[in-house]
$ cat upload_38.pdb   # PDB, C-alpha atoms, pLDDT in the B column
ATOM      1  CA  MET A   1       0.690  -0.852  23.740  1.00 73.00           C
ATOM      2  CA  GLY A   2      -2.731  -1.719  22.501  1.00 89.00           C
ATOM      3  CA  LYS A   3      -4.107  -3.679  19.577  1.00 94.00           C
ATOM      4  CA  LEU A   4      -3.395  -2.982  15.936  1.00 96.00           C
ATOM      5  CA  GLN A   5      -6.393  -1.384  14.231  1.00 97.00           C
ATOM      6  CA  ALA A   6      -7.021  -0.540  10.592  1.00 97.00           C
ATOM      7  CA  GLY A   7      -9.337   1.883   8.865  1.00 97.00           C
ATOM      8  CA  ILE A   8      -9.894   2.464   5.146  1.00 98.00           C
ATOM      9  CA  ILE A   9     -10.575   5.787   3.426  1.00 98.00           C
ATOM     10  CA  PRO A  10     -11.517   5.405  -0.271  1.00 97.00           C
ATOM     11  CA  VAL A  11      -9.706   8.174  -2.172  1.00 96.00           C
ATOM     12  CA  THR A  12      -9.356   9.499  -5.723  1.00 92.00           C
ATOM     13  CA  PRO A  13     -11.586   8.685  -8.713  1.00 91.00           C
ATOM     14  CA  PHE A  14      -9.966   5.231  -8.601  1.00 92.00           C
ATOM     15  CA  GLN A  15     -11.532   4.528  -5.156  1.00 95.00           C
ATOM     16  CA  GLN A  16      -8.190   3.405  -3.786  1.00 97.00           C
ATOM     17  CA  ASN A  17      -8.031   2.070  -0.225  1.00 98.00           C
ATOM     18  CA  CYS A  18      -5.977   4.634   1.653  1.00 98.00           C
ATOM     19  CA  THR A  19      -5.328   2.728   4.881  1.00 98.00           C
ATOM     20  CA  ILE A  20      -4.759   4.034   8.389  1.00 98.00           C
ATOM     21  CA  LEU A  21      -3.024   1.599  10.739  1.00 98.00           C
ATOM     22  CA  PHE A  22      -2.966   2.645  14.372  1.00 98.00           C
ATOM     23  CA  ASP A  23      -2.637   1.461  17.959  1.00 97.00           C
ATOM     24  CA  ASP A  24      -5.980   1.578  19.753  1.00 95.00           C
ATOM     25  CA  GLU A  25      -4.378   2.744  23.018  1.00 96.00           C
ATOM     26  CA  THR A  26      -1.705   5.246  21.992  1.00 96.00           C
ATOM     27  CA  ARG A  27      -3.668   6.366  18.882  1.00 97.00           C
ATOM     28  CA  GLU A  28      -0.365   6.590  17.010  1.00 97.00           C
ATOM     29  CA  GLY A  29      -0.128   5.146  13.556  1.00 98.00           C
ATOM     30  CA  VAL A  30       0.784   5.372   9.887  1.00 98.00           C
ATOM     31  CA  VAL A  31      -1.006   5.962   6.627  1.00 98.00           C
ATOM     32  CA  ILE A  32      -0.495   3.599   3.698  1.00 98.00           C
ATOM     33  CA  ASP A  33      -0.950   4.883   0.144  1.00 98.00           C
ATOM     34  CA  PRO A  34      -2.455   8.376   0.484  1.00 98.00           C
ATOM     35  CA  GLY A  35      -3.267   8.619  -3.208  1.00 96.00           C
ATOM     36  CA  GLY A  36      -5.124  11.917  -2.963  1.00 95.00           C
ATOM     37  CA  ASP A  37      -8.021  13.712  -1.252  1.00 96.00           C
ATOM     38  CA  VAL A  38      -5.592  14.806   1.456  1.00 97.00           C
ATOM     39  CA  PRO A  39      -8.119  17.082   3.264  1.00 96.00           C
ATOM     40  CA  THR A  40     -10.439  14.084   3.659  1.00 97.00           C
ATOM     41  CA  ILE A  41      -7.614  11.956   5.055  1.00 98.00           C
ATOM     42  CA  LEU A  42      -6.653  14.678   7.524  1.00 98.00           C
ATOM     43  CA  GLU A  43     -10.267  15.123   8.615  1.00 98.00           C
ATOM     44  CA  VAL A  44     -10.763  11.410   9.311  1.00 97.00           C
ATOM     45  CA  VAL A  45      -7.470  11.190  11.197  1.00 97.00           C
ATOM     46  CA  SER A  46      -8.335  14.239  13.304  1.00 97.00           C
ATOM     47  CA  GLU A  47     -11.873  13.069  14.072  1.00 97.00           C
ATOM     48  CA  ASN A  48     -10.501   9.780  15.368  1.00 97.00           C
ATOM     49  CA  GLY A  49      -7.730  11.357  17.433  1.00 97.00           C
ATOM     50  CA  ILE A  50      -4.954   9.593  15.539  1.00 98.00           C
ATOM     51  CA  THR A  51      -1.386  10.897  15.333  1.00 98.00           C
ATOM     52  CA  LEU A  52       0.320   9.829  12.135  1.00 98.00           C
ATOM     53  CA  ARG A  53       4.060   9.115  12.399  1.00 98.00           C
ATOM     54  CA  GLU A  54       4.940   7.996   8.858  1.00 98.00           C
ATOM     55  CA  ILE A  55       3.606   7.586   5.333  1.00 98.00           C
ATOM     56  CA  TRP A  56       4.157   4.124   3.813  1.00 99.00           C
ATOM     57  CA  LEU A  57       3.846   3.531   0.075  1.00 98.00           C
ATOM     58  CA  THR A  58       3.302   0.181  -1.629  1.00 98.00           C
ATOM     59  CA  HIS A  59       4.156   1.493  -5.110  1.00 98.00           C
ATOM     60  CA  GLY A  60       4.379   4.541  -7.318  1.00 97.00           C
ATOM     61  CA  HIS A  61       1.067   4.682  -9.177  1.00 96.00           C
ATOM     62  CA  ILE A  62      -0.878   7.922  -8.901  1.00 95.00           C
ATOM     63  CA  ASP A  63      -3.859   6.508  -7.008  1.00 95.00           C
ATOM     64  CA  HIS A  64      -1.517   5.260  -4.278  1.00 97.00           C
ATOM     65  CA  ALA A  65       1.154   7.966  -4.093  1.00 97.00           C
ATOM     66  CA  GLY A  66      -0.410  11.114  -5.572  1.00 96.00           C
ATOM     67  CA  GLY A  67      -1.114  12.777  -2.213  1.00 96.00           C
ATOM     68  CA  ALA A  68       1.983  11.619  -0.339  1.00 98.00           C
ATOM     69  CA  ASP A  69       4.111  14.720  -0.868  1.00 97.00           C
ATOM     70  CA  GLU A  70       1.299  17.063   0.161  1.00 97.00           C
ATOM     71  CA  LEU A  71       0.611  15.006   3.282  1.00 97.00           C
ATOM     72  CA  ARG A  72       4.329  14.908   4.096  1.00 98.00           C
ATOM     73  CA  GLU A  73       4.453  18.699   3.842  1.00 97.00           C
ATOM     74  CA  VAL A  74       1.349  19.283   5.978  1.00 97.00           C
ATOM     75  CA  LEU A  75       2.270  16.865   8.767  1.00 98.00           C
ATOM     76  CA  GLY A  76       6.073  17.037   8.593  1.00 98.00           C
ATOM     77  CA  ILE A  77       6.440  13.249   8.597  1.00 98.00           C
ATOM     78  CA  PRO A  78       8.603  11.038   6.338  1.00 98.00           C
ATOM     79  CA  VAL A  79       7.548   9.029   3.301  1.00 98.00           C
ATOM     80  CA  ILE A  80       8.781   5.428   3.536  1.00 98.00           C
ATOM     81  CA  GLY A  81       8.926   3.107   0.519  1.00 98.00           C
ATOM     82  CA  PRO A  82       8.410   1.683  -1.963  1.00 98.00           C
ATOM     83  CA  HIS A  83      11.427  -0.042  -3.568  1.00 98.00           C
ATOM     84  CA  GLU A  84      13.707   2.256  -5.557  1.00 98.00           C
ATOM     85  CA  ALA A  85      12.673   0.583  -8.823  1.00 98.00           C
ATOM     86  CA  ASP A  86       9.553   2.783  -8.701  1.00 98.00           C
ATOM     87  CA  LEU A  87      11.515   6.050  -8.753  1.00 98.00           C
ATOM     88  CA  PRO A  88      10.619   6.684 -12.440  1.00 97.00           C
ATOM     89  CA  LEU A  89       6.916   6.380 -11.565  1.00 96.00           C
ATOM     90  CA  LEU A  90       7.166   8.668  -8.532  1.00 97.00           C
ATOM     91  CA  GLN A  91       9.002  11.293 -10.571  1.00 96.00           C
ATOM     92  CA  LYS A  92       6.144  11.331 -13.087  1.00 94.00           C
ATOM     93  CA  LEU A  93       3.081  11.413 -10.857  1.00 93.00           C
ATOM     94  CA  GLU A  94       1.969  14.692 -12.394  1.00 90.00           C
ATOM     95  CA  VAL A  95       2.307  13.172 -15.873  1.00 89.00           C
ATOM     96  CA  GLN A  96       0.285  10.144 -14.722  1.00 86.00           C
ATOM     97  CA  ALA A  97      -2.559  12.466 -13.743  1.00 80.00           C
ATOM     98  CA  GLU A  98      -2.623  13.945 -17.234  1.00 81.00           C
ATOM     99  CA  LYS A  99      -2.356  10.524 -18.888  1.00 80.00           C
ATOM    100  CA  PHE A 100      -5.351   9.128 -17.011  1.00 78.00           C
ATOM    101  CA  GLY A 101      -7.314  12.345 -17.504  1.00 77.00           C
ATOM    102  CA  VAL A 102      -8.166  12.736 -13.837  1.00 75.00           C
ATOM    103  CA  LYS A 103      -8.421  15.982 -11.940  1.00 72.00           C
ATOM    104  CA  MET A 104      -6.011  15.282  -9.105  1.00 78.00           C
ATOM    105  CA  ALA A 105      -3.469  17.528  -7.435  1.00 78.00           C
ATOM    106  CA  ALA A 106      -0.740  14.912  -7.683  1.00 88.00           C
ATOM    107  CA  ARG A 107       2.811  15.945  -6.858  1.00 92.00           C
ATOM    108  CA  ASN A 108       6.031  14.204  -7.857  1.00 95.00           C
ATOM    109  CA  LEU A 109       8.113  12.993  -4.944  1.00 95.00           C
ATOM    110  CA  VAL A 110      11.192  11.158  -3.784  1.00 97.00           C
ATOM    111  CA  PRO A 111      10.648   9.167  -0.566  1.00 98.00           C
ATOM    112  CA  ASP A 112      12.723   9.805   2.541  1.00 98.00           C
ATOM    113  CA  ARG A 113      13.620   6.110   2.664  1.00 98.00           C
ATOM    114  CA  TRP A 114      13.546   3.344   0.079  1.00 98.00           C
ATOM    115  CA  LEU A 115      12.643  -0.190   1.127  1.00 98.00           C
ATOM    116  CA  ASN A 116      14.216  -3.513   0.206  1.00 98.00           C
ATOM    117  CA  GLU A 117      13.358  -7.168   0.700  1.00 98.00           C
ATOM    118  CA  GLY A 118      13.947  -8.080   4.335  1.00 97.00           C
ATOM    119  CA  ASP A 119      13.573  -4.568   5.761  1.00 98.00           C
ATOM    120  CA  THR A 120      11.167  -3.828   8.585  1.00 98.00           C
ATOM    121  CA  VAL A 121       9.026  -0.790   9.347  1.00 98.00           C
ATOM    122  CA  SER A 122       7.161  -0.128  12.552  1.00 98.00           C
ATOM    123  CA  PHE A 123       5.222   2.195  14.788  1.00 97.00           C
ATOM    124  CA  GLY A 124       5.196   1.544  18.518  1.00 94.00           C
ATOM    125  CA  ASP A 125       5.386  -2.217  19.055  1.00 95.00           C
ATOM    126  CA  HIS A 126       3.779  -3.012  15.707  1.00 98.00           C
ATOM    127  CA  VAL A 127       6.452  -4.362  13.364  1.00 98.00           C
ATOM    128  CA  PHE A 128       5.911  -5.090   9.670  1.00 98.00           C
ATOM    129  CA  GLU A 129       8.198  -7.108   7.432  1.00 98.00           C
ATOM    130  CA  VAL A 130       8.781  -5.809   3.913  1.00 98.00           C
ATOM    131  CA  PHE A 131       8.629  -8.014   0.829  1.00 98.00           C
ATOM    132  CA  HIS A 132       9.532  -6.746  -2.650  1.00 98.00           C
ATOM    133  CA  CYS A 133       6.755  -7.990  -4.954  1.00 98.00           C
ATOM    134  CA  PRO A 134       7.205  -6.647  -8.504  1.00 98.00           C
ATOM    135  CA  GLY A 135       4.857  -7.385 -11.381  1.00 98.00           C
ATOM    136  CA  HIS A 136       2.137  -4.768 -11.006  1.00 98.00           C
ATOM    137  CA  ALA A 137       4.859  -2.152 -10.583  1.00 98.00           C
ATOM    138  CA  PRO A 138       8.641  -2.715 -10.557  1.00 98.00           C
ATOM    139  CA  GLY A 139       9.119  -1.393  -7.026  1.00 98.00           C
ATOM    140  CA  HIS A 140       5.954  -2.705  -5.372  1.00 98.00           C
ATOM    141  CA  VAL A 141       6.345  -3.784  -1.741  1.00 99.00           C
ATOM    142  CA  ILE A 142       3.949  -5.395   0.699  1.00 98.00           C
ATOM    143  CA  TYR A 143       3.814  -5.095   4.488  1.00 99.00           C
ATOM    144  CA  TYR A 144       3.340  -8.097   6.783  1.00 98.00           C
ATOM    145  CA  ASN A 145       2.716  -8.138  10.533  1.00 98.00           C
ATOM    146  CA  ARG A 146       3.638 -11.662  11.591  1.00 97.00           C
ATOM    147  CA  LYS A 147       2.307 -11.287  15.138  1.00 96.00           C
ATOM    148  CA  GLN A 148      -1.173 -10.263  13.984  1.00 96.00           C
ATOM    149  CA  LYS A 149      -1.144 -12.457  10.846  1.00 98.00           C
ATOM    150  CA  PHE A 150      -2.098  -9.394   8.840  1.00 98.00           C
ATOM    151  CA  ALA A 151      -0.763  -7.988   5.586  1.00 98.00           C
ATOM    152  CA  HIS A 152      -1.260  -4.989   3.347  1.00 98.00           C
ATOM    153  CA  LEU A 153      -0.797  -6.242  -0.199  1.00 98.00           C
ATOM    154  CA  GLY A 154      -1.403  -3.074  -2.210  1.00 98.00           C
ATOM    155  CA  ASP A 155      -2.213  -4.020  -5.806  1.00 98.00           C
ATOM    156  CA  VAL A 156      -0.477  -7.414  -5.841  1.00 98.00           C
ATOM    157  CA  LEU A 157      -3.464  -9.571  -4.847  1.00 98.00           C
ATOM    158  CA  PHE A 158      -7.149  -8.689  -4.580  1.00 98.00           C
ATOM    159  CA  ASN A 159     -10.279 -10.416  -3.390  1.00 98.00           C
ATOM    160  CA  GLY A 160     -10.966 -12.570  -6.464  1.00 98.00           C
ATOM    161  CA  SER A 161      -8.394 -10.952  -8.728  1.00 98.00           C
ATOM    162  CA  ILE A 162      -4.791  -9.784  -9.086  1.00 98.00           C
ATOM    163  CA  GLY A 163      -3.128  -6.496  -9.979  1.00 98.00           C
ATOM    164  CA  ARG A 164      -3.239  -5.372 -13.585  1.00 97.00           C
ATOM    165  CA  THR A 165      -0.027  -5.738 -15.552  1.00 97.00           C
ATOM    166  CA  ASP A 166      -0.765  -3.624 -18.625  1.00 94.00           C
ATOM    167  CA  LEU A 167       0.663  -0.433 -17.120  1.00 89.00           C
ATOM    168  CA  PRO A 168       4.292   0.707 -17.635  1.00 84.00           C
ATOM    169  CA  GLY A 169       6.634  -1.618 -15.762  1.00 89.00           C
ATOM    170  CA  GLY A 170       4.005  -4.311 -15.348  1.00 96.00           C
ATOM    171  CA  ASP A 171       4.652  -7.968 -16.145  1.00 97.00           C
ATOM    172  CA  HIS A 172       2.126 -10.760 -15.693  1.00 97.00           C
ATOM    173  CA  GLU A 173       4.561 -13.618 -15.105  1.00 97.00           C
ATOM    174  CA  THR A 174       6.580 -11.534 -12.647  1.00 98.00           C
ATOM    175  CA  LEU A 175       3.419 -10.738 -10.689  1.00 98.00           C
ATOM    176  CA  LEU A 176       2.391 -14.385 -10.514  1.00 98.00           C
ATOM    177  CA  ALA A 177       5.894 -15.264  -9.304  1.00 98.00           C
ATOM    178  CA  SER A 178       5.629 -12.620  -6.563  1.00 98.00           C
ATOM    179  CA  ILE A 179       2.305 -14.061  -5.430  1.00 98.00           C
ATOM    180  CA  ARG A 180       3.603 -17.651  -5.536  1.00 98.00           C
ATOM    181  CA  ASP A 181       6.961 -16.971  -3.855  1.00 98.00           C
ATOM    182  CA  LYS A 182       6.194 -14.107  -1.465  1.00 98.00           C
ATOM    183  CA  VAL A 183       2.460 -13.881  -0.707  1.00 98.00           C
ATOM    184  CA  LEU A 184       1.133 -17.447  -0.563  1.00 98.00           C
ATOM    185  CA  PRO A 185       3.923 -18.647   1.784  1.00 98.00           C
ATOM    186  CA  LEU A 186       2.755 -16.148   4.411  1.00 98.00           C
ATOM    187  CA  GLY A 187       0.015 -18.660   5.253  1.00 98.00           C
ATOM    188  CA  ASP A 188      -3.643 -19.356   4.583  1.00 98.00           C
ATOM    189  CA  ASP A 189      -4.774 -17.778   7.853  1.00 98.00           C
ATOM    190  CA  VAL A 190      -3.304 -14.351   7.045  1.00 98.00           C
ATOM    191  CA  GLY A 191      -5.910 -11.662   6.478  1.00 98.00           C
ATOM    192  CA  PHE A 192      -5.135  -8.771   4.179  1.00 98.00           C
ATOM    193  CA  ILE A 193      -6.165  -5.341   3.016  1.00 98.00           C
ATOM    194  CA  CYS A 194      -5.575  -4.611  -0.652  1.00 98.00           C
ATOM    195  CA  GLY A 195      -5.420  -1.485  -2.763  1.00 98.00           C
ATOM    196  CA  HIS A 196      -8.989  -1.642  -4.079  1.00 98.00           C
ATOM    197  CA  GLY A 197     -12.158  -3.326  -2.900  1.00 98.00           C
ATOM    198  CA  PRO A 198     -12.715  -5.636   0.056  1.00 98.00           C
ATOM    199  CA  GLY A 199      -9.925  -7.560   1.716  1.00 98.00           C
ATOM    200  CA  SER A 200      -9.723 -11.313   2.129  1.00 98.00           C
ATOM    201  CA  ARG A 201      -7.629 -14.141   3.533  1.00 98.00           C
ATOM    202  CA  ILE A 202      -4.739 -15.664   1.657  1.00 98.00           C
ATOM    203  CA  GLY A 203      -6.198 -19.154   1.992  1.00 98.00           C
ATOM    204  CA  ASP A 204      -9.507 -18.078   0.483  1.00 98.00           C
ATOM    205  CA  GLU A 205      -7.681 -16.593  -2.491  1.00 98.00           C
ATOM    206  CA  ARG A 206      -5.458 -19.639  -2.918  1.00 97.00           C
ATOM    207  CA  ARG A 207      -8.553 -21.849  -3.073  1.00 97.00           C
ATOM    208  CA  ASN A 208     -10.988 -19.621  -4.972  1.00 97.00           C
ATOM    209  CA  ASN A 209      -9.130 -16.935  -6.949  1.00 98.00           C
ATOM    210  CA  PRO A 210      -9.188 -18.027 -10.622  1.00 97.00           C
ATOM    211  CA  PHE A 211      -5.921 -16.194 -11.332  1.00 97.00           C
ATOM    212  CA  LEU A 212      -4.021 -18.364  -8.853  1.00 97.00           C
ATOM    213  CA  ARG A 213      -4.829 -21.737 -10.351  1.00 93.00           C
ATOM    214  CA  GLY A 214      -1.688 -23.720 -10.909  1.00 86.00           C
ATOM    215  CA  LEU A 215       0.475 -21.643  -8.537  1.00 88.00           C
TER
END
$ encode --input "upload_38.pdb" --output "structure tokens"
Amino acid sequence: MGKLQAGIIPVTPFQQNCTILFDDETREGVVIDPGGDVPTILEVVSENGITLREIWLTHGHIDHAGGADELREVLGIPVIGPHEADLPLLQKLEVQAEKFGVKMAARNLVPDRWLNEGDTVSFGDHVFEVFHCPGHAPGHVIYYNRKQKFAHLGDVLFNGSIGRTDLPGGDHETLLASIRDKVLPLGDDVGFICGHGPGSRIGDERRNNPFLRGL
């Protein structure tokens, strides 16, 4: 097996980081949070000769999950995650599109497999540990590759900010607890991709992110 590689495709009016993780030798991989613009995702994957094996979701908001059912149907691959606490969000993706007033072909869905704290997901030799990190959304999970010291944090922690907590199911104190108890202990040298904007390292955020003071 080769090295773990990551590519980002900004999708939807929310410019969400749809992420492709793949092995640079086998060209097999997964897609994390295909929020929409499925034809664009498929085009990028095809142009780079990547074979997607699974769809991983961090949580059930429209900009992260809106295109998952369509992509599952086109490719015939399973949707994995998030935690079952996000079922109400995933069952109302079409309503979310109307609420936010965005023109997106979102489709409600139920994943093929829910994820819980302590689970693992993988493709090839690349194994990711699952951590349940509620606060931005009740069922939010993050994915951590211990060997590569790399994580996908979805909308839990950003470069210079944290996930918003004013959406249904959000809770500020719960989010801070998730960051304190689940994310920061991963280690300062862990690099991460997040749901929006540029990634960072956990240590840089611990030192410089104003939202993490006192954690």
$ resolve_selection --input "upload_38.pdb" --expression "the PyMOL selection byres ((chain A and resi 107) around 8)" --output "ChimeraX atom specification"
/A:66-70,93-94,105-106,108-109
$ resolve_selection --input "upload_38.pdb" --expression "the PyMOL selection byres ((chain A and resi 154) around 6)" --output "list of chain:residue names"
A:Thr58, A:His152, A:Leu153, A:Asp155, A:Val156, A:Cys194, A:Gly195
$ write_last_selection --input "upload_38.pdb" --atoms "C-alpha atoms" --output "PDB file, in the coordinates of the input"
ATOM      1  CA  THR A  58       3.302   0.181  -1.629  1.00 98.00           C
ATOM      2  CA  HIS A 152      -1.260  -4.989   3.347  1.00 98.00           C
ATOM      3  CA  LEU A 153      -0.797  -6.242  -0.199  1.00 98.00           C
ATOM      4  CA  ASP A 155      -2.213  -4.020  -5.806  1.00 98.00           C
ATOM      5  CA  VAL A 156      -0.477  -7.414  -5.841  1.00 98.00           C
ATOM      6  CA  CYS A 194      -5.575  -4.611  -0.652  1.00 98.00           C
ATOM      7  CA  GLY A 195      -5.420  -1.485  -2.763  1.00 98.00           C
TER       8      GLY A 195
END
$ atom_distance --input "upload_38.pdb" --atom1 "CA of Val102 (chain A)" --atom2 "CA of Pro13 (chain A)"
7.4 Å
$ atom_distance --input "upload_38.pdb" --atom1 "CA of Tyr144 (chain A)" --atom2 "CA of Leu186 (chain A)"
8.4 Å
$ resolve_selection --input "upload_38.pdb" --expression "the PyMOL selection byres ((chain A and resi 167) around 10)" --output "ChimeraX atom specification"
/A:61,135-137,164-166,168-171
$ build_atoms --input "upload_38.pdb" --residues "region 49-62 of chain A" --atoms "N, CA and C atoms" --output "PDB file, in the coordinates of the input"
ATOM      1  N   GLY A  49      -8.781  11.112  16.461  1.00 97.00           N
ATOM      2  CA  GLY A  49      -7.730  11.357  17.433  1.00 97.00           C
ATOM      3  C   GLY A  49      -6.455  10.586  17.183  1.00 97.00           C
ATOM      4  N   ILE A  50      -6.125  10.377  15.901  1.00 98.00           N
ATOM      5  CA  ILE A  50      -4.954   9.593  15.539  1.00 98.00           C
ATOM      6  C   ILE A  50      -3.789  10.521  15.202  1.00 98.00           C
ATOM      7  N   THR A  51      -2.607  10.166  15.670  1.00 98.00           N
ATOM      8  CA  THR A  51      -1.386  10.897  15.333  1.00 98.00           C
ATOM      9  C   THR A  51      -0.579  10.063  14.356  1.00 98.00           C
ATOM     10  N   LEU A  52      -0.437  10.563  13.144  1.00 98.00           N
ATOM     11  CA  LEU A  52       0.320   9.829  12.135  1.00 98.00           C
ATOM     12  C   LEU A  52       1.812  10.090  12.303  1.00 98.00           C
ATOM     13  N   ARG A  53       2.609   9.016  12.240  1.00 98.00           N
ATOM     14  CA  ARG A  53       4.060   9.115  12.399  1.00 98.00           C
ATOM     15  C   ARG A  53       4.811   8.986  11.081  1.00 98.00           C
ATOM     16  N   GLU A  54       4.268   8.211  10.135  1.00 98.00           N
ATOM     17  CA  GLU A  54       4.940   7.996   8.858  1.00 98.00           C
ATOM     18  C   GLU A  54       3.918   7.751   7.751  1.00 98.00           C
ATOM     19  N   ILE A  55       4.374   7.904   6.527  1.00 98.00           N
ATOM     20  CA  ILE A  55       3.606   7.586   5.333  1.00 98.00           C
ATOM     21  C   ILE A  55       4.296   6.407   4.653  1.00 98.00           C
ATOM     22  N   TRP A  56       3.585   5.299   4.480  1.00 99.00           N
ATOM     23  CA  TRP A  56       4.157   4.124   3.813  1.00 99.00           C
ATOM     24  C   TRP A  56       3.523   3.974   2.439  1.00 99.00           C
ATOM     25  N   LEU A  57       4.349   3.745   1.427  1.00 98.00           N
ATOM     26  CA  LEU A  57       3.846   3.531   0.075  1.00 98.00           C
ATOM     27  C   LEU A  57       4.088   2.096  -0.367  1.00 98.00           C
ATOM     28  N   THR A  58       3.103   1.510  -1.046  1.00 98.00           N
ATOM     29  CA  THR A  58       3.302   0.181  -1.629  1.00 98.00           C
ATOM     30  C   THR A  58       3.933   0.279  -3.011  1.00 98.00           C
ATOM     31  N   HIS A  59       3.575   1.318  -3.776  1.00 98.00           N
ATOM     32  CA  HIS A  59       4.156   1.493  -5.110  1.00 98.00           C
ATOM     33  C   HIS A  59       3.867   2.894  -5.622  1.00 98.00           C
ATOM     34  N   GLY A  60       4.364   3.170  -6.836  1.00 97.00           N
ATOM     35  CA  GLY A  60       4.379   4.541  -7.318  1.00 97.00           C
ATOM     36  C   GLY A  60       3.289   4.964  -8.267  1.00 97.00           C
ATOM     37  N   HIS A  61       2.165   4.249  -8.317  1.00 96.00           N
ATOM     38  CA  HIS A  61       1.067   4.682  -9.177  1.00 96.00           C
ATOM     39  C   HIS A  61       0.304   5.843  -8.532  1.00 96.00           C
ATOM     40  N   ILE A  62      -0.291   6.664  -9.368  1.00 95.00           N
ATOM     41  CA  ILE A  62      -0.878   7.922  -8.901  1.00 95.00           C
ATOM     42  C   ILE A  62      -1.946   7.733  -7.835  1.00 95.00           C
TER      43      ILE A  62
END
